[in-house]
Each structure stands twice: as structure tokens, then as C-alpha cells.
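Text of my_file.txt (compact mmCIF, N, CA and C atoms) as supplied:
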```txt
# COMPACT_ATOMS: atom_id res chain seq x y z
N MET A 1 141.62 31.06 32.29
CA MET A 1 141.00 32.02 33.19
C MET A 1 140.94 33.38 32.49
N SER A 2 139.79 33.96 32.50
CA SER A 2 139.56 35.24 31.85
C SER A 2 139.55 36.36 32.89
N THR A 3 140.25 37.42 32.59
CA THR A 3 140.27 38.57 33.49
C THR A 3 139.61 39.75 32.77
N HIS A 4 138.59 40.30 33.40
CA HIS A 4 137.90 41.45 32.84
C HIS A 4 138.29 42.68 33.64
N ILE A 5 138.73 43.70 32.95
CA ILE A 5 139.11 44.94 33.60
C ILE A 5 138.06 45.99 33.25
N LYS A 6 137.48 46.58 34.27
CA LYS A 6 136.47 47.60 34.08
C LYS A 6 137.08 48.98 34.28
N ALA A 7 136.77 49.90 33.40
CA ALA A 7 137.24 51.27 33.55
C ALA A 7 136.50 51.93 34.70
N LEU A 8 137.20 52.80 35.40
CA LEU A 8 136.58 53.55 36.50
C LEU A 8 135.73 54.68 35.94
N ALA A 9 134.59 54.91 36.55
CA ALA A 9 133.73 56.02 36.14
C ALA A 9 134.38 57.35 36.51
N THR A 10 135.05 57.37 37.68
CA THR A 10 135.78 58.56 38.12
C THR A 10 137.08 58.10 38.75
N LEU A 11 138.04 58.97 38.78
CA LEU A 11 139.31 58.65 39.43
C LEU A 11 139.16 58.78 40.94
N PRO A 12 139.80 57.90 41.69
CA PRO A 12 139.75 58.04 43.16
C PRO A 12 140.44 59.34 43.59
N GLU A 13 140.04 59.84 44.74
CA GLU A 13 140.66 61.04 45.26
C GLU A 13 142.13 60.78 45.55
N LYS A 14 142.98 61.72 45.16
CA LYS A 14 144.41 61.57 45.38
C LYS A 14 144.72 61.68 46.86
N ARG A 15 145.63 60.85 47.34
CA ARG A 15 146.05 60.87 48.74
C ARG A 15 146.85 62.14 49.02
N LYS A 16 146.71 62.65 50.25
CA LYS A 16 147.44 63.84 50.66
C LYS A 16 148.94 63.55 50.76
N ASN A 17 149.28 62.39 51.32
CA ASN A 17 150.68 62.01 51.51
C ASN A 17 151.11 61.01 50.44
N PRO A 18 152.39 61.02 50.06
CA PRO A 18 152.86 60.04 49.07
C PRO A 18 152.57 58.62 49.56
N THR A 19 151.97 57.81 48.70
CA THR A 19 151.60 56.45 49.07
C THR A 19 152.19 55.48 48.06
N PHE A 20 153.01 54.58 48.56
CA PHE A 20 153.64 53.55 47.74
C PHE A 20 152.87 52.25 47.98
N ILE A 21 152.65 51.49 46.90
CA ILE A 21 151.87 50.26 47.02
C ILE A 21 152.63 49.10 46.42
N PHE A 22 152.78 48.04 47.20
CA PHE A 22 153.37 46.78 46.74
C PHE A 22 152.22 45.80 46.63
N VAL A 23 151.98 45.30 45.41
CA VAL A 23 150.87 44.36 45.18
C VAL A 23 151.46 43.05 44.68
N SER A 24 151.38 42.03 45.50
CA SER A 24 151.90 40.71 45.14
C SER A 24 151.61 39.73 46.27
N ARG A 25 151.79 38.45 45.99
CA ARG A 25 151.74 37.48 47.09
C ARG A 25 152.89 37.80 48.03
N VAL A 26 152.63 37.74 49.31
CA VAL A 26 153.65 38.04 50.30
C VAL A 26 154.41 36.75 50.61
N VAL A 27 155.45 36.52 49.80
CA VAL A 27 156.35 35.38 49.97
C VAL A 27 157.77 35.89 49.81
N LYS A 28 158.72 35.18 50.37
CA LYS A 28 160.11 35.64 50.40
C LYS A 28 160.66 35.98 49.01
N MET A 29 160.37 35.15 48.02
CA MET A 29 160.96 35.35 46.69
C MET A 29 160.47 36.61 45.97
N LYS A 30 159.43 37.25 46.44
CA LYS A 30 158.90 38.46 45.79
C LYS A 30 159.63 39.74 46.19
N GLY A 31 160.50 39.67 47.20
CA GLY A 31 161.31 40.83 47.56
C GLY A 31 160.63 41.86 48.44
N VAL A 32 159.62 41.46 49.19
CA VAL A 32 158.92 42.41 50.06
C VAL A 32 159.87 42.99 51.10
N GLU A 33 160.79 42.19 51.58
CA GLU A 33 161.76 42.66 52.58
C GLU A 33 162.57 43.84 52.03
N GLN A 34 163.00 43.73 50.78
CA GLN A 34 163.77 44.82 50.16
C GLN A 34 162.91 46.07 49.98
N VAL A 35 161.63 45.87 49.66
CA VAL A 35 160.72 47.00 49.52
C VAL A 35 160.62 47.76 50.85
N ILE A 36 160.49 47.03 51.94
CA ILE A 36 160.37 47.67 53.26
C ILE A 36 161.67 48.40 53.61
N LYS A 37 162.81 47.79 53.32
CA LYS A 37 164.10 48.46 53.59
C LYS A 37 164.23 49.73 52.76
N ALA A 38 163.83 49.67 51.49
CA ALA A 38 163.88 50.86 50.63
C ALA A 38 162.94 51.93 51.17
N PHE A 39 161.77 51.51 51.62
CA PHE A 39 160.82 52.47 52.16
C PHE A 39 161.37 53.15 53.41
N ALA A 40 162.13 52.43 54.23
CA ALA A 40 162.75 53.04 55.41
C ALA A 40 163.65 54.20 54.99
N SER A 41 164.35 54.05 53.87
CA SER A 41 165.19 55.14 53.36
C SER A 41 164.34 56.29 52.85
N ILE A 42 163.24 55.97 52.19
CA ILE A 42 162.33 57.01 51.68
C ILE A 42 161.79 57.84 52.84
N GLN A 43 161.51 57.18 53.95
CA GLN A 43 160.98 57.88 55.13
C GLN A 43 161.90 58.99 55.61
N ASN A 44 163.21 58.84 55.39
CA ASN A 44 164.15 59.89 55.80
C ASN A 44 163.87 61.21 55.08
N ASN A 45 163.46 61.14 53.82
CA ASN A 45 163.20 62.34 53.03
C ASN A 45 161.72 62.71 52.95
N LEU A 46 160.87 61.71 53.10
CA LEU A 46 159.43 61.93 53.03
C LEU A 46 158.76 61.31 54.26
N PRO A 47 158.88 61.97 55.40
CA PRO A 47 158.39 61.38 56.64
C PRO A 47 156.88 61.11 56.68
N LYS A 48 156.11 61.72 55.79
CA LYS A 48 154.67 61.47 55.77
C LYS A 48 154.27 60.40 54.75
N ALA A 49 155.25 59.81 54.09
CA ALA A 49 154.96 58.77 53.09
C ALA A 49 154.38 57.53 53.75
N GLN A 50 153.62 56.78 52.97
CA GLN A 50 153.00 55.55 53.44
C GLN A 50 153.37 54.41 52.50
N LEU A 51 153.38 53.20 53.02
CA LEU A 51 153.58 52.00 52.21
C LEU A 51 152.45 51.04 52.51
N TRP A 52 151.74 50.64 51.45
CA TRP A 52 150.69 49.64 51.58
C TRP A 52 151.19 48.35 50.95
N ILE A 53 151.12 47.27 51.69
CA ILE A 53 151.50 45.96 51.17
C ILE A 53 150.21 45.19 50.97
N VAL A 54 149.89 44.93 49.69
CA VAL A 54 148.62 44.32 49.32
C VAL A 54 148.86 42.92 48.79
N GLY A 55 148.25 41.95 49.44
CA GLY A 55 148.35 40.57 48.98
C GLY A 55 148.41 39.62 50.15
N GLY A 56 147.84 38.46 49.95
CA GLY A 56 147.92 37.42 50.96
C GLY A 56 149.22 36.66 50.78
N GLY A 57 149.47 35.74 51.66
CA GLY A 57 150.69 34.96 51.51
C GLY A 57 150.98 34.09 52.70
N ASP A 58 152.22 33.75 52.82
CA ASP A 58 152.72 32.86 53.86
C ASP A 58 152.70 33.60 55.20
N GLN A 59 151.89 33.13 56.15
CA GLN A 59 151.73 33.83 57.43
C GLN A 59 153.06 33.93 58.19
N ILE A 60 153.92 32.94 58.06
CA ILE A 60 155.22 32.99 58.73
C ILE A 60 156.04 34.17 58.19
N ILE A 61 156.03 34.36 56.88
CA ILE A 61 156.75 35.48 56.26
C ILE A 61 156.10 36.80 56.68
N ILE A 62 154.79 36.86 56.67
CA ILE A 62 154.09 38.08 57.06
C ILE A 62 154.45 38.45 58.50
N ASP A 63 154.47 37.48 59.38
CA ASP A 63 154.84 37.74 60.78
C ASP A 63 156.27 38.27 60.90
N LEU A 64 157.19 37.69 60.13
CA LEU A 64 158.58 38.18 60.14
C LEU A 64 158.66 39.61 59.61
N LEU A 65 157.88 39.90 58.58
CA LEU A 65 157.87 41.26 58.02
C LEU A 65 157.25 42.26 59.00
N LEU A 66 156.21 41.84 59.70
CA LEU A 66 155.61 42.72 60.71
C LEU A 66 156.62 43.05 61.81
N LYS A 67 157.40 42.06 62.21
CA LYS A 67 158.46 42.27 63.22
C LYS A 67 159.51 43.24 62.67
N MET A 68 159.90 43.05 61.42
CA MET A 68 160.88 43.92 60.77
C MET A 68 160.37 45.37 60.74
N VAL A 69 159.11 45.54 60.36
CA VAL A 69 158.49 46.87 60.32
C VAL A 69 158.52 47.50 61.71
N GLN A 70 158.20 46.72 62.71
CA GLN A 70 158.23 47.22 64.10
C GLN A 70 159.65 47.62 64.50
N ASP A 71 160.63 46.76 64.20
CA ASP A 71 162.02 47.05 64.55
C ASP A 71 162.54 48.30 63.86
N LEU A 72 162.04 48.58 62.66
CA LEU A 72 162.47 49.77 61.92
C LEU A 72 161.67 51.02 62.32
N GLY A 73 160.71 50.87 63.22
CA GLY A 73 159.90 52.01 63.66
C GLY A 73 158.93 52.49 62.59
N LEU A 74 158.44 51.56 61.78
CA LEU A 74 157.57 51.93 60.66
C LEU A 74 156.13 51.42 60.82
N THR A 75 155.71 51.15 62.04
CA THR A 75 154.37 50.58 62.22
C THR A 75 153.25 51.53 61.80
N GLU A 76 153.46 52.81 61.90
CA GLU A 76 152.43 53.77 61.48
C GLU A 76 152.33 53.87 59.96
N PRO A 77 153.44 54.09 59.26
CA PRO A 77 153.31 54.30 57.81
C PRO A 77 153.18 53.04 56.97
N VAL A 78 153.52 51.87 57.50
CA VAL A 78 153.45 50.63 56.71
C VAL A 78 152.20 49.85 57.13
N LYS A 79 151.34 49.59 56.16
CA LYS A 79 150.10 48.87 56.44
C LYS A 79 150.02 47.63 55.56
N PHE A 80 149.72 46.50 56.18
CA PHE A 80 149.49 45.25 55.46
C PHE A 80 147.98 45.17 55.21
N LYS A 81 147.59 45.24 53.96
CA LYS A 81 146.17 45.28 53.60
C LYS A 81 145.57 43.90 53.36
N GLY A 82 146.42 42.87 53.26
CA GLY A 82 145.90 41.53 53.02
C GLY A 82 145.50 41.33 51.56
N ARG A 83 144.84 40.22 51.33
CA ARG A 83 144.41 39.87 49.98
C ARG A 83 143.21 40.73 49.58
N VAL A 84 143.20 41.19 48.34
CA VAL A 84 142.06 41.95 47.82
C VAL A 84 141.61 41.33 46.50
N SER A 85 140.39 41.59 46.13
CA SER A 85 139.83 41.03 44.90
C SER A 85 140.47 41.69 43.68
N GLU A 86 140.35 41.02 42.55
CA GLU A 86 140.87 41.58 41.28
C GLU A 86 140.18 42.92 40.99
N GLY A 87 138.90 42.98 41.26
CA GLY A 87 138.16 44.21 41.00
C GLY A 87 138.66 45.39 41.80
N LYS A 88 139.00 45.13 43.06
CA LYS A 88 139.51 46.21 43.91
C LYS A 88 140.89 46.66 43.47
N LYS A 89 141.72 45.69 43.02
CA LYS A 89 143.07 46.06 42.54
C LYS A 89 142.93 47.02 41.39
```
Can I see the file as C-alpha cells?
Amino acid sequence: MSTHIKALATLPEKRKNPTFIFVSRVVKMKGVEQVIKAFASIQNNLPKAQLWIVGGGDQIIIDLLLKMVQDLGLTEPVKFKGRVSEGKK
């Protein structure tokens, strides 16, 4: 399988708030749960920070993570973006 990476003509506009991005399949062994827990700590010091979780995966795990995000009060800053194309990554 060949992967072609294209250079951007321009850089995307920088986000106003700190944005952390986790890009991987959303499965238990990838450590997404630990990323969310770490982000909860980051929120204490950077309340406007955001976490984007990018990648498809096991719907059962995604549902458990969504519940965890809700229980931690992080539904606003944590967004599950789903699977994206190689080009968009």
C-alpha cells in the first residue's frame, strides 16, 4: 500500500484555544481512556482546552468512552470526530 503525502499550500488557521488531538483507532489497547483522564487534569489549568479524538473503532468502546467523558463533565471540550481520510489527517 502506497501512501502519498501532499504538502499544504497554506497552513490552517491556528485555533484560539489549546487543542489536543488523539489520532488512532478507538480500541482499548490504544490508551484512549488514559488520554481522556490526562485531559481532565489539563482542564484544571487550561479550562478552554479542547480534545479531539479522531478515528473509528469499536462502537462498544466508543460508547464507554462517551459515558466516561460525560461522567467527567467533559462533554463540551471533548469531541469524537470519527474516522477521517488519510488526506484530511
To box segment 47-64 of chain A, take all atoms listed in the file, fit an axis-aligned box, add 6 Å on each side, and give centre and edge lengths in Å to one decimal, as JSON.
```
{"center_x": 153.4, "center_y": 47.4, "center_z": 54.8, "size_x": 23.0, "size_y": 41.1, "size_z": 24.1}
```
**Study point:** Residue nearest Ile61 of chain A among A:Lys81, A:Ile36, A:Gln43, A:Lys28 (counting only N, CA and C atoms)
**Key:**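 Distance minimum relative to Ile61 of chain A lands on A:Lys28.
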Review point. Using only N, CA and C atoms, which residues sit within 7 Å of Val23 of chain A once same-chain residues fewer than 4 positions away are excluded, as a list in words?
Key: Trp52, Ile53, Val54 and Gly55 of chain A
Review point. Can you list, as a list in words, every protein, DNA or RNA residue that comes within 8 Å of Ala49 of chain A when you count only C-alpha atoms, leaving out same-chain residues fewer than 6 positions away?
Key: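 The residues that qualify are Asn17, Pro18, Thr19, Phe20, Ile42, Gln43 and Pro77 of chain A.
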Point to revise | atom CA of Asn44 of chain A to atom N of Gln59 of chain A, distance in Å rounded to a single decimal | key: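 One can read the atom CA of Asn44 of chain A to atom N of Gln59 of chain A distance as 29.4 Å.
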Check your understanding: From the set A:Gly82, A:Lys30, A:Ser41, A:Lys14, which residue has the shortest atom-to-atom contact distance to Gly56 of chain A, counting all atoms listed in the file?
Key ->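 With all atoms listed in the file as the atom set, the closest residue is A:Gly82.
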